[in-house]
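File shown: model.txt. Contents: compact mmCIF, C-alpha atoms and all ligand atoms.
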```
# COMPACT_ATOMS: atom_id res chain seq x y z
CA MET H 1 49.42 -71.88 -93.95
CA SER H 2 50.78 -73.53 -97.06
CA VAL H 3 52.66 -72.69 -100.22
CA VAL H 4 52.56 -74.95 -103.28
CA ILE H 5 55.12 -74.32 -105.99
CA VAL H 6 54.28 -75.72 -109.42
CA GLY H 7 57.37 -75.61 -111.57
CA SER H 8 60.69 -76.84 -112.83
CA ILE H 9 63.39 -78.91 -111.17
CA ASN H 10 66.84 -79.19 -112.75
CA GLN H 11 70.25 -80.65 -112.18
CA ASP H 12 72.47 -77.58 -112.31
CA ILE H 13 75.95 -78.13 -113.77
CA VAL H 14 77.88 -75.02 -112.76
CA ALA H 15 81.24 -74.04 -114.24
CA ARG H 16 83.21 -71.25 -112.58
CA VAL H 17 84.97 -69.08 -115.17
CA SER H 18 86.97 -65.85 -114.95
CA ARG H 19 84.71 -64.35 -117.60
CA ILE H 20 81.73 -65.46 -119.70
CA PRO H 21 82.94 -66.51 -123.17
CA ALA H 22 81.99 -64.41 -126.19
CA PRO H 23 80.15 -66.21 -129.05
CA GLY H 24 82.61 -68.61 -130.72
CA GLU H 25 85.12 -68.35 -127.86
CA THR H 26 86.35 -71.14 -125.53
CA VAL H 27 87.34 -70.42 -121.94
CA LEU H 28 88.68 -72.81 -119.29
CA ALA H 29 86.74 -73.22 -116.05
CA SER H 30 88.43 -73.31 -112.66
CA SER H 31 85.82 -75.71 -111.19
CA MET H 32 82.60 -77.56 -111.92
CA VAL H 33 79.86 -78.68 -109.51
CA ARG H 34 76.56 -80.52 -109.92
CA THR H 35 73.88 -79.15 -107.62
CA GLY H 36 70.13 -78.82 -107.17
CA GLY H 37 68.35 -76.19 -109.25
CA GLY H 38 65.35 -75.33 -111.38
CA LYS H 39 63.38 -72.15 -110.71
CA GLY H 40 60.45 -74.03 -109.18
CA ALA H 41 62.52 -76.25 -106.90
CA ASN H 42 64.71 -73.31 -105.84
CA GLN H 43 61.60 -71.34 -104.91
CA ALA H 44 60.27 -74.30 -102.93
CA VAL H 45 63.52 -74.50 -100.95
CA ALA H 46 63.40 -70.76 -100.26
CA ALA H 47 59.77 -70.89 -99.10
CA ARG H 48 60.51 -73.85 -96.84
CA ARG H 49 63.64 -72.32 -95.28
CA ALA H 50 61.60 -69.16 -94.62
CA GLY H 51 59.87 -71.24 -91.93
CA GLY H 52 56.35 -70.98 -90.54
CA VAL H 53 54.55 -72.51 -93.51
CA SER H 54 54.29 -75.97 -95.02
CA VAL H 55 55.61 -76.25 -98.57
CA ALA H 56 54.84 -78.69 -101.38
CA PHE H 57 56.52 -78.88 -104.77
CA VAL H 58 54.62 -80.09 -107.86
CA GLY H 59 56.68 -80.99 -110.91
CA ALA H 60 58.38 -83.81 -112.74
CA VAL H 61 61.73 -85.60 -112.72
CA GLY H 62 63.03 -88.16 -115.19
CA THR H 63 63.91 -91.82 -114.76
CA ASP H 64 67.64 -91.06 -114.44
CA SER H 65 69.69 -90.92 -111.23
CA ASP H 66 69.46 -87.10 -111.22
CA GLY H 67 65.71 -87.45 -110.67
CA GLU H 68 66.17 -89.41 -107.47
CA SER H 69 68.80 -87.09 -106.03
CA LEU H 70 66.85 -83.93 -106.93
CA ARG H 71 63.71 -85.27 -105.28
CA GLY H 72 65.73 -86.48 -102.28
CA ALA H 73 67.21 -83.02 -101.74
CA LEU H 74 63.71 -81.51 -101.50
CA VAL H 75 62.64 -84.20 -99.03
CA ALA H 76 65.74 -83.46 -96.92
CA ASP H 77 64.58 -79.83 -96.76
CA GLY H 78 61.17 -80.91 -95.44
CA ILE H 79 59.25 -80.27 -98.67
CA ASP H 80 56.21 -82.41 -99.57
CA VAL H 81 57.04 -84.13 -102.88
CA SER H 82 53.84 -86.17 -103.24
CA GLY H 83 53.10 -84.03 -106.32
CA VAL H 84 56.39 -84.85 -108.06
CA SER H 85 55.81 -87.30 -110.90
CA GLN H 86 58.40 -89.40 -112.69
CA VAL H 87 58.34 -89.44 -116.49
CA ASP H 88 60.35 -91.53 -118.96
CA GLY H 89 63.58 -89.87 -120.04
CA PRO H 90 66.08 -87.47 -118.49
CA SER H 91 65.49 -84.91 -115.75
CA GLY H 92 65.93 -81.23 -116.56
CA ILE H 93 69.51 -79.96 -116.75
CA ALA H 94 70.83 -76.40 -116.56
CA LEU H 95 74.29 -75.60 -117.92
CA ILE H 96 75.47 -72.57 -115.96
CA SER H 97 78.60 -70.42 -116.20
CA VAL H 98 79.38 -68.03 -113.34
CA ASP H 99 82.14 -65.45 -113.74
CA ASP H 100 84.33 -63.45 -111.34
CA ALA H 101 81.83 -60.58 -111.41
CA ALA H 102 79.11 -63.00 -110.15
CA GLU H 103 77.26 -62.76 -113.46
CA ASN H 104 75.93 -65.91 -115.08
CA THR H 105 74.62 -67.44 -118.27
CA ILE H 106 72.13 -70.32 -118.08
CA VAL H 107 71.06 -72.78 -120.77
CA VAL H 108 68.22 -75.08 -119.69
CA VAL H 109 67.58 -78.46 -121.31
CA PRO H 110 64.01 -78.97 -119.99
CA GLY H 111 63.82 -82.80 -120.08
CA ALA H 112 61.04 -83.99 -117.75
CA ASN H 113 59.87 -80.41 -117.10
CA ALA H 114 58.55 -80.14 -120.67
CA VAL H 115 56.63 -83.43 -120.79
CA ALA H 116 53.42 -82.73 -118.83
CA THR H 117 51.01 -80.22 -120.34
CA ALA H 118 48.43 -80.70 -117.56
CA LEU H 119 48.45 -81.66 -113.87
CA THR H 120 47.51 -85.18 -112.79
CA PRO H 121 44.47 -85.54 -110.48
CA ALA H 122 46.86 -86.13 -107.55
CA GLN H 123 48.81 -82.96 -108.39
CA ARG H 124 45.55 -80.99 -108.68
CA ALA H 125 44.62 -82.12 -105.16
CA VAL H 126 47.95 -80.80 -103.83
CA VAL H 127 47.40 -77.45 -105.57
CA ALA H 128 43.81 -77.23 -104.28
CA SER H 129 45.12 -77.45 -100.69
CA ALA H 130 47.36 -74.39 -101.05
CA GLN H 131 46.89 -70.94 -99.66
CA VAL H 132 49.52 -69.57 -102.05
CA VAL H 133 50.30 -71.10 -105.47
CA LEU H 134 53.59 -69.94 -106.99
CA THR H 135 54.42 -70.64 -110.65
CA GLN H 136 57.16 -69.74 -113.18
CA LEU H 137 57.58 -70.36 -116.92
CA GLU H 138 60.07 -73.23 -117.31
CA ASN H 139 57.15 -75.64 -117.89
CA PRO H 140 54.50 -75.62 -120.64
CA ILE H 141 52.15 -72.62 -120.26
CA SER H 142 49.16 -74.99 -120.19
CA LEU H 143 50.53 -76.57 -116.99
CA VAL H 144 50.75 -73.12 -115.37
CA GLN H 145 47.17 -72.38 -116.48
CA ASP H 146 46.01 -75.67 -114.99
CA ALA H 147 47.73 -74.84 -111.68
CA ALA H 148 46.06 -71.42 -111.54
CA ALA H 149 42.65 -72.92 -112.34
CA SER H 150 43.05 -75.70 -109.75
CA ARG H 151 43.67 -73.41 -106.78
CA GLY H 152 41.03 -72.79 -104.12
CA ALA H 153 38.70 -69.79 -104.23
CA GLN H 154 40.66 -67.93 -101.51
CA ALA H 155 44.14 -68.91 -102.72
CA TRP H 156 46.71 -66.55 -104.20
CA HIS H 157 48.35 -67.11 -107.59
CA LEU H 158 51.82 -65.58 -107.79
CA LEU H 159 53.37 -65.79 -111.27
CA ASN H 160 57.11 -65.26 -111.60
CA ALA H 161 57.28 -64.74 -115.39
CA ALA H 162 60.79 -66.19 -115.68
CA PRO H 163 62.04 -66.92 -118.22
CA SER H 164 59.93 -64.35 -120.06
CA ALA H 165 60.25 -65.75 -123.60
CA PRO H 166 57.36 -68.26 -123.20
CA PHE H 167 55.14 -65.44 -121.92
CA VAL H 168 55.85 -63.36 -125.02
CA THR H 169 54.72 -66.16 -127.32
CA ALA H 170 51.80 -67.63 -125.36
CA GLY H 171 51.43 -66.17 -121.90
CA ALA H 172 48.98 -63.28 -122.17
CA ALA H 173 46.02 -65.54 -121.39
CA LEU H 174 47.60 -66.21 -117.99
CA LEU H 175 47.29 -62.67 -116.65
CA PRO H 176 43.60 -62.74 -115.62
CA SER H 177 44.47 -65.58 -113.21
CA VAL H 178 47.40 -63.74 -111.62
CA ASP H 179 47.13 -61.99 -108.24
CA VAL H 180 50.78 -60.93 -108.01
CA LEU H 181 53.10 -60.75 -111.03
CA ILE H 182 56.79 -60.88 -110.08
CA VAL H 183 59.34 -59.93 -112.74
CA ASN H 184 62.80 -58.47 -112.99
CA GLU H 185 63.32 -55.40 -115.14
CA HIS H 186 64.23 -57.33 -118.29
CA GLU H 187 61.21 -59.61 -117.87
CA ALA H 188 58.91 -56.62 -117.23
CA LEU H 189 59.87 -55.10 -120.60
CA ASP H 190 59.44 -58.44 -122.38
CA VAL H 191 56.07 -59.23 -120.81
CA ALA H 192 54.73 -55.74 -121.48
CA GLY H 193 56.29 -55.52 -124.96
CA VAL H 194 57.76 -52.05 -124.28
CA ASP H 195 61.26 -50.59 -124.01
CA ASN H 196 61.29 -48.80 -120.65
CA LEU H 197 60.36 -49.65 -117.10
CA GLU H 198 57.80 -46.91 -116.57
CA ALA H 199 55.89 -47.97 -119.69
CA ALA H 200 55.99 -51.58 -118.48
CA VAL H 201 54.59 -50.61 -115.08
CA VAL H 202 51.80 -48.58 -116.69
CA ALA H 203 50.94 -51.49 -119.00
CA LEU H 204 51.10 -54.32 -116.47
CA ALA H 205 49.96 -52.96 -113.09
CA PRO H 206 46.27 -52.50 -114.05
CA ARG H 207 46.08 -56.10 -115.29
CA VAL H 208 46.93 -57.79 -111.95
CA ARG H 209 46.15 -57.15 -108.27
CA ALA H 210 49.79 -56.29 -107.67
CA LEU H 211 53.01 -55.97 -109.61
CA VAL H 212 56.47 -56.55 -108.12
CA VAL H 213 59.53 -55.61 -110.18
CA THR H 214 62.89 -56.67 -108.76
CA LEU H 215 65.68 -54.30 -109.76
CA GLY H 216 68.86 -55.94 -108.47
CA ARG H 217 71.07 -53.45 -106.63
CA ARG H 218 68.29 -50.83 -107.00
CA GLY H 219 65.91 -52.86 -104.82
CA SER H 220 62.35 -53.54 -105.93
CA LEU H 221 59.19 -51.70 -106.87
CA ILE H 222 55.68 -52.61 -105.74
CA VAL H 223 52.55 -51.33 -107.43
CA CYS H 224 49.19 -52.21 -105.88
CA GLY H 225 46.21 -50.22 -107.14
CA ASP H 226 47.08 -46.56 -106.59
CA GLU H 227 49.88 -47.38 -104.14
CA ARG H 228 53.49 -47.50 -105.23
CA VAL H 229 56.37 -48.44 -102.88
CA ASP H 230 60.13 -48.56 -103.51
CA ILE H 231 61.93 -51.20 -101.45
CA PRO H 232 65.68 -50.54 -101.10
CA ALA H 233 68.19 -53.32 -101.73
CA PHE H 234 70.40 -54.76 -98.98
CA ALA H 235 74.13 -54.28 -99.51
CA ALA H 236 75.87 -57.53 -100.49
CA GLU H 237 79.23 -58.71 -101.84
CA ALA H 238 77.94 -60.99 -104.59
CA VAL H 239 79.85 -64.11 -105.62
CA ASP H 240 77.01 -65.86 -107.52
CA THR H 241 73.60 -64.42 -108.37
CA THR H 242 72.18 -67.74 -109.66
CA GLY H 243 68.78 -68.33 -108.08
CA ALA H 244 68.67 -64.99 -106.23
CA GLY H 245 65.36 -64.15 -107.90
CA ASP H 246 64.02 -67.57 -106.91
CA THR H 247 65.04 -66.97 -103.31
CA PHE H 248 63.16 -63.65 -103.39
CA CYS H 249 60.02 -65.32 -104.80
CA GLY H 250 60.03 -68.24 -102.33
CA MET H 251 60.49 -65.97 -99.32
CA PHE H 252 57.85 -63.54 -100.68
CA ALA H 253 55.32 -66.38 -101.08
CA ALA H 254 56.01 -67.75 -97.60
CA THR H 255 55.53 -64.29 -96.04
CA LEU H 256 52.17 -63.84 -97.79
CA SER H 257 51.06 -67.29 -96.69
CA ALA H 258 52.14 -66.70 -93.08
CA SER H 259 50.07 -63.49 -93.01
CA GLY H 260 46.89 -65.55 -93.36
CA ARG H 261 45.46 -62.84 -95.63
CA ALA H 262 43.33 -63.54 -98.71
CA PRO H 263 44.09 -61.97 -102.13
CA GLU H 264 41.07 -59.63 -101.86
CA SER H 265 42.65 -57.98 -98.82
CA VAL H 266 46.01 -57.27 -100.47
CA ASP H 267 47.61 -53.88 -99.83
CA ALA H 268 51.01 -52.34 -100.43
CA ALA H 269 52.06 -52.68 -96.76
CA LEU H 270 51.67 -56.46 -96.83
CA LEU H 271 53.52 -56.70 -100.13
CA ALA H 272 56.28 -54.41 -98.83
CA ASP H 273 56.83 -56.69 -95.83
CA ALA H 274 57.05 -59.70 -98.14
CA ALA H 275 59.40 -57.90 -100.55
CA ARG H 276 61.69 -56.77 -97.70
CA ALA H 277 61.97 -60.36 -96.48
CA GLY H 278 62.55 -61.57 -100.05
CA ALA H 279 65.22 -58.94 -100.66
CA ALA H 280 67.02 -59.83 -97.42
CA ALA H 281 67.02 -63.54 -98.30
CA ALA H 282 68.28 -62.80 -101.82
CA ALA H 283 71.02 -60.50 -100.47
CA ILE H 284 72.36 -63.37 -98.37
CA ALA H 285 71.98 -65.90 -101.21
CA VAL H 286 74.18 -63.92 -103.62
CA THR H 287 77.10 -64.11 -101.19
CA ARG H 288 77.20 -67.91 -101.63
CA ALA H 289 77.67 -70.27 -104.57
CA GLY H 290 74.82 -72.25 -106.09
CA ALA H 291 71.05 -71.92 -106.22
CA GLN H 292 69.43 -74.12 -103.53
CA ASP H 293 72.76 -74.37 -101.67
CA ALA H 294 72.78 -70.60 -101.20
CA VAL H 295 69.27 -70.16 -99.75
CA PRO H 296 69.51 -68.80 -96.18
CA SER H 297 67.64 -69.96 -93.08
CA ALA H 298 64.82 -67.98 -91.47
CA THR H 299 67.18 -67.06 -88.63
CA GLU H 300 69.77 -65.57 -91.00
CA VAL H 301 67.10 -63.52 -92.75
CA ALA H 302 65.62 -62.30 -89.45
CA GLU H 303 69.08 -61.25 -88.26
CA LEU H 304 69.73 -59.25 -91.42
CA LEU H 305 66.33 -57.56 -91.22
CA GLU H 306 66.93 -56.68 -87.57
CA ARG H 307 70.45 -55.34 -88.20
CA THR H 308 69.15 -53.17 -91.00
CA HIS H 309 66.28 -51.73 -88.94
CA ALA H 310 68.65 -50.82 -86.07
O1 LIG F 401 66.97 -69.23 -111.57
C1 LIG F 401 68.08 -70.09 -111.52
C2 LIG F 401 67.72 -71.42 -112.09
O2 LIG F 401 67.42 -71.27 -113.46
C3 LIG F 401 68.83 -72.44 -112.04
O3 LIG F 401 68.83 -73.18 -110.85
C4 LIG F 401 68.59 -73.27 -113.29
O4 LIG F 401 68.25 -74.59 -113.04
C5 LIG F 401 67.49 -72.54 -114.07
O5 LIG F 401 66.27 -73.11 -113.90
```
Now that the file is in, can you turn its structure into structure tokens?
Ligand code: RIB
Amino acid sequence: MSVVIVGSINQDIVARVSRIPAPGETVLASSMVRTGGGKGANQAVAARRAGGVSVAFVGAVGTDSDGESLRGALVADGIDVSGVSQVDGPSGIALISVDDAAENTIVVVPGANAVATALTPAQRAVVASAQVVLTQLENPISLVQDAAASRGAQAWHLLNAAPSAPFVTAGAALLPSVDVLIVNEHEALDVAGVDNLEAAVVALAPRVRALVVTLGRRGSLIVCGDERVDIPAFAAEAVDTTGAGDTFCGMFAATLSASGRAPESVDAALLADAARAGAAAAAIAVTRAGAQDAVPSATEVAELLERTHA
């Protein structure tokens, strides 16, 4: 059972503010921390902490000190980093503001994440060993295409189309390779090029084996063929929603991998189990600060799922 995440890894620089500044406005932060982030690396941490599956991360760091510490943090979590390359220049950085309402703004300076447009032979070998390949869109689209094409015949490709802007300009060619498309509501509208959720579902669901739309406090929606399932959200007192979607995706991927099922056998029940686990993990993550720092353990997720079933 293995999950390989091909994606971004960033040094997150997080300022805590009472409110997000308006354009042209300056606000003073109450604190600032540097911590591990990047949608790909966050998803790798979430998949690994889900337990029960081996996890490898494929991506790139720079030649700066951030690169070493970011890679080291993944190793400390038990993630295989043999597919992490080092490229000349800085590692990716994300400048994040989080306000008292737990909302955030994120500006990513891609650095090393933007350099490679294709996988190396060693990275392709890591991807080929996966049962589930999970990608996002903070790297060049051609790298994501390469990852999808390098997976084994029975391997899943889960695409989390976040951020959605690269998809709008160049991502449509990706869809035929996607088994499960995971998007939030805003991304669903962007990717489908429509202005309401129902129209997005109608446009996207027939183009992939399964569509998962995360809806924040409204839970998530799964569409798989003719089946449609609403997954309720878990109640949570949010302090920081940064990386909550990544936690959902990592846990979702680990649950699919642990099932041992192939993409051809997908059904809504399997996806619902994975989405419930992802939603539980995300509900815990939003109660804590940071992205990777906030990802819960398998035990914490199991306890929440059990409490909620009782
Ligand atoms: O999804 C949250 C992540 O987006 C942050 O960790 C930041 O690095 C950006 O990639």
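Nearest residue to Ala147 (chain H) among H:Pro121, H:Pro296, H:Gly67, H:Gly38 is H:Pro121, counting all atoms listed in the file.
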query = From the set H:Val239, H:Ala15, H:Val266, H:Ala203, which residue has the shortest atom-to-atom contact distance to Leu28 (chain H), counting all atoms listed in the file?
reply =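 Going through H:Val239, H:Ala15, H:Val266, H:Ala203 one by one, the smallest distance to Leu28 (chain H) is for H:Ala15.
Using all atoms listed in the file, the residues found no farther than 9 Å from Glu103 (chain H), other than those of its own chain fewer than 4 positions away, are Arg19, Ile20, Ser97, Val98, Asp99, Val239, Asp240, Thr241 and Thr242 of chain H.
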What does the file look like for those residues with C-alpha atoms, as a PDB file, keeping the file's coordinate frame?
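Listed below is the output, out.pdb:
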```
ATOM      1  CA  ARG H  19      84.710 -64.350-117.600  1.00  0.00           C
ATOM      2  CA  ILE H  20      81.730 -65.460-119.700  1.00  0.00           C
ATOM      3  CA  SER H  97      78.600 -70.420-116.200  1.00  0.00           C
ATOM      4  CA  VAL H  98      79.380 -68.030-113.340  1.00  0.00           C
ATOM      5  CA  ASP H  99      82.140 -65.450-113.740  1.00  0.00           C
ATOM      6  CA  VAL H 239      79.850 -64.110-105.620  1.00  0.00           C
ATOM      7  CA  ASP H 240      77.010 -65.860-107.520  1.00  0.00           C
ATOM      8  CA  THR H 241      73.600 -64.420-108.370  1.00  0.00           C
ATOM      9  CA  THR H 242      72.180 -67.740-109.660  1.00  0.00           C
TER      10      THR H 242
END
```
Produce as a compact mmCIF listing (two decimals) with C-alpha atoms, in the frame of the given file the set of residues near ligand LIG 401 (chain F), where near means within 10 Å with all atoms listed in the file considered.
```txt
# COMPACT_ATOMS: atom_id res chain seq x y z
CA GLY H 7 57.37 -75.61 -111.57
CA SER H 8 60.69 -76.84 -112.83
CA ILE H 9 63.39 -78.91 -111.17
CA ASN H 10 66.84 -79.19 -112.75
CA GLN H 11 70.25 -80.65 -112.18
CA ASP H 12 72.47 -77.58 -112.31
CA ILE H 13 75.95 -78.13 -113.77
CA VAL H 14 77.88 -75.02 -112.76
CA THR H 35 73.88 -79.15 -107.62
CA GLY H 36 70.13 -78.82 -107.17
CA GLY H 37 68.35 -76.19 -109.25
CA GLY H 38 65.35 -75.33 -111.38
CA LYS H 39 63.38 -72.15 -110.71
CA GLY H 40 60.45 -74.03 -109.18
CA ALA H 41 62.52 -76.25 -106.90
CA ASN H 42 64.71 -73.31 -105.84
CA GLN H 43 61.60 -71.34 -104.91
CA GLY H 92 65.93 -81.23 -116.56
CA ILE H 93 69.51 -79.96 -116.75
CA ALA H 94 70.83 -76.40 -116.56
CA LEU H 95 74.29 -75.60 -117.92
CA ILE H 96 75.47 -72.57 -115.96
CA ASN H 104 75.93 -65.91 -115.08
CA THR H 105 74.62 -67.44 -118.27
CA ILE H 106 72.13 -70.32 -118.08
CA VAL H 107 71.06 -72.78 -120.77
CA VAL H 108 68.22 -75.08 -119.69
CA VAL H 109 67.58 -78.46 -121.31
CA PRO H 110 64.01 -78.97 -119.99
CA GLN H 136 57.16 -69.74 -113.18
CA LEU H 137 57.58 -70.36 -116.92
CA GLU H 138 60.07 -73.23 -117.31
CA ALA H 162 60.79 -66.19 -115.68
CA PRO H 163 62.04 -66.92 -118.22
CA THR H 241 73.60 -64.42 -108.37
CA THR H 242 72.18 -67.74 -109.66
CA GLY H 243 68.78 -68.33 -108.08
CA ALA H 244 68.67 -64.99 -106.23
CA GLY H 245 65.36 -64.15 -107.90
CA ASP H 246 64.02 -67.57 -106.91
CA THR H 247 65.04 -66.97 -103.31
CA GLY H 290 74.82 -72.25 -106.09
CA ALA H 291 71.05 -71.92 -106.22
CA GLN H 292 69.43 -74.12 -103.53
```
d(CA of Phe57 (chain H), CA of Gly278 (chain H)) in Å = 18.9 Å
query = Given the choices H:Val127, H:Ala73, H:Cys224, H:Val45, which gets closest to Ser297 (chain H) if the distance is worked out from only C-alpha atoms?
reply =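 Smallest distance to Ser297 (chain H) is found for H:Val45.
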request  = Rank H:Val191, H:Cys249, H:Ala302, H:Val126 by their smallest atom-to-atom distance to Ala173 (chain H), using all atoms listed in the file, and report the top residue only.
outcome  = H:Val191
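The spacing separating CA of Ile79 (chain H) from CA of Arg48 (chain H) amounts to 6.8 Å.
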remark   = Of H:Leu270, H:Val194, H:Val58, H:Val229, the one nearest to Ala122 (chain H) when counting only C-alpha atoms is H:Val58
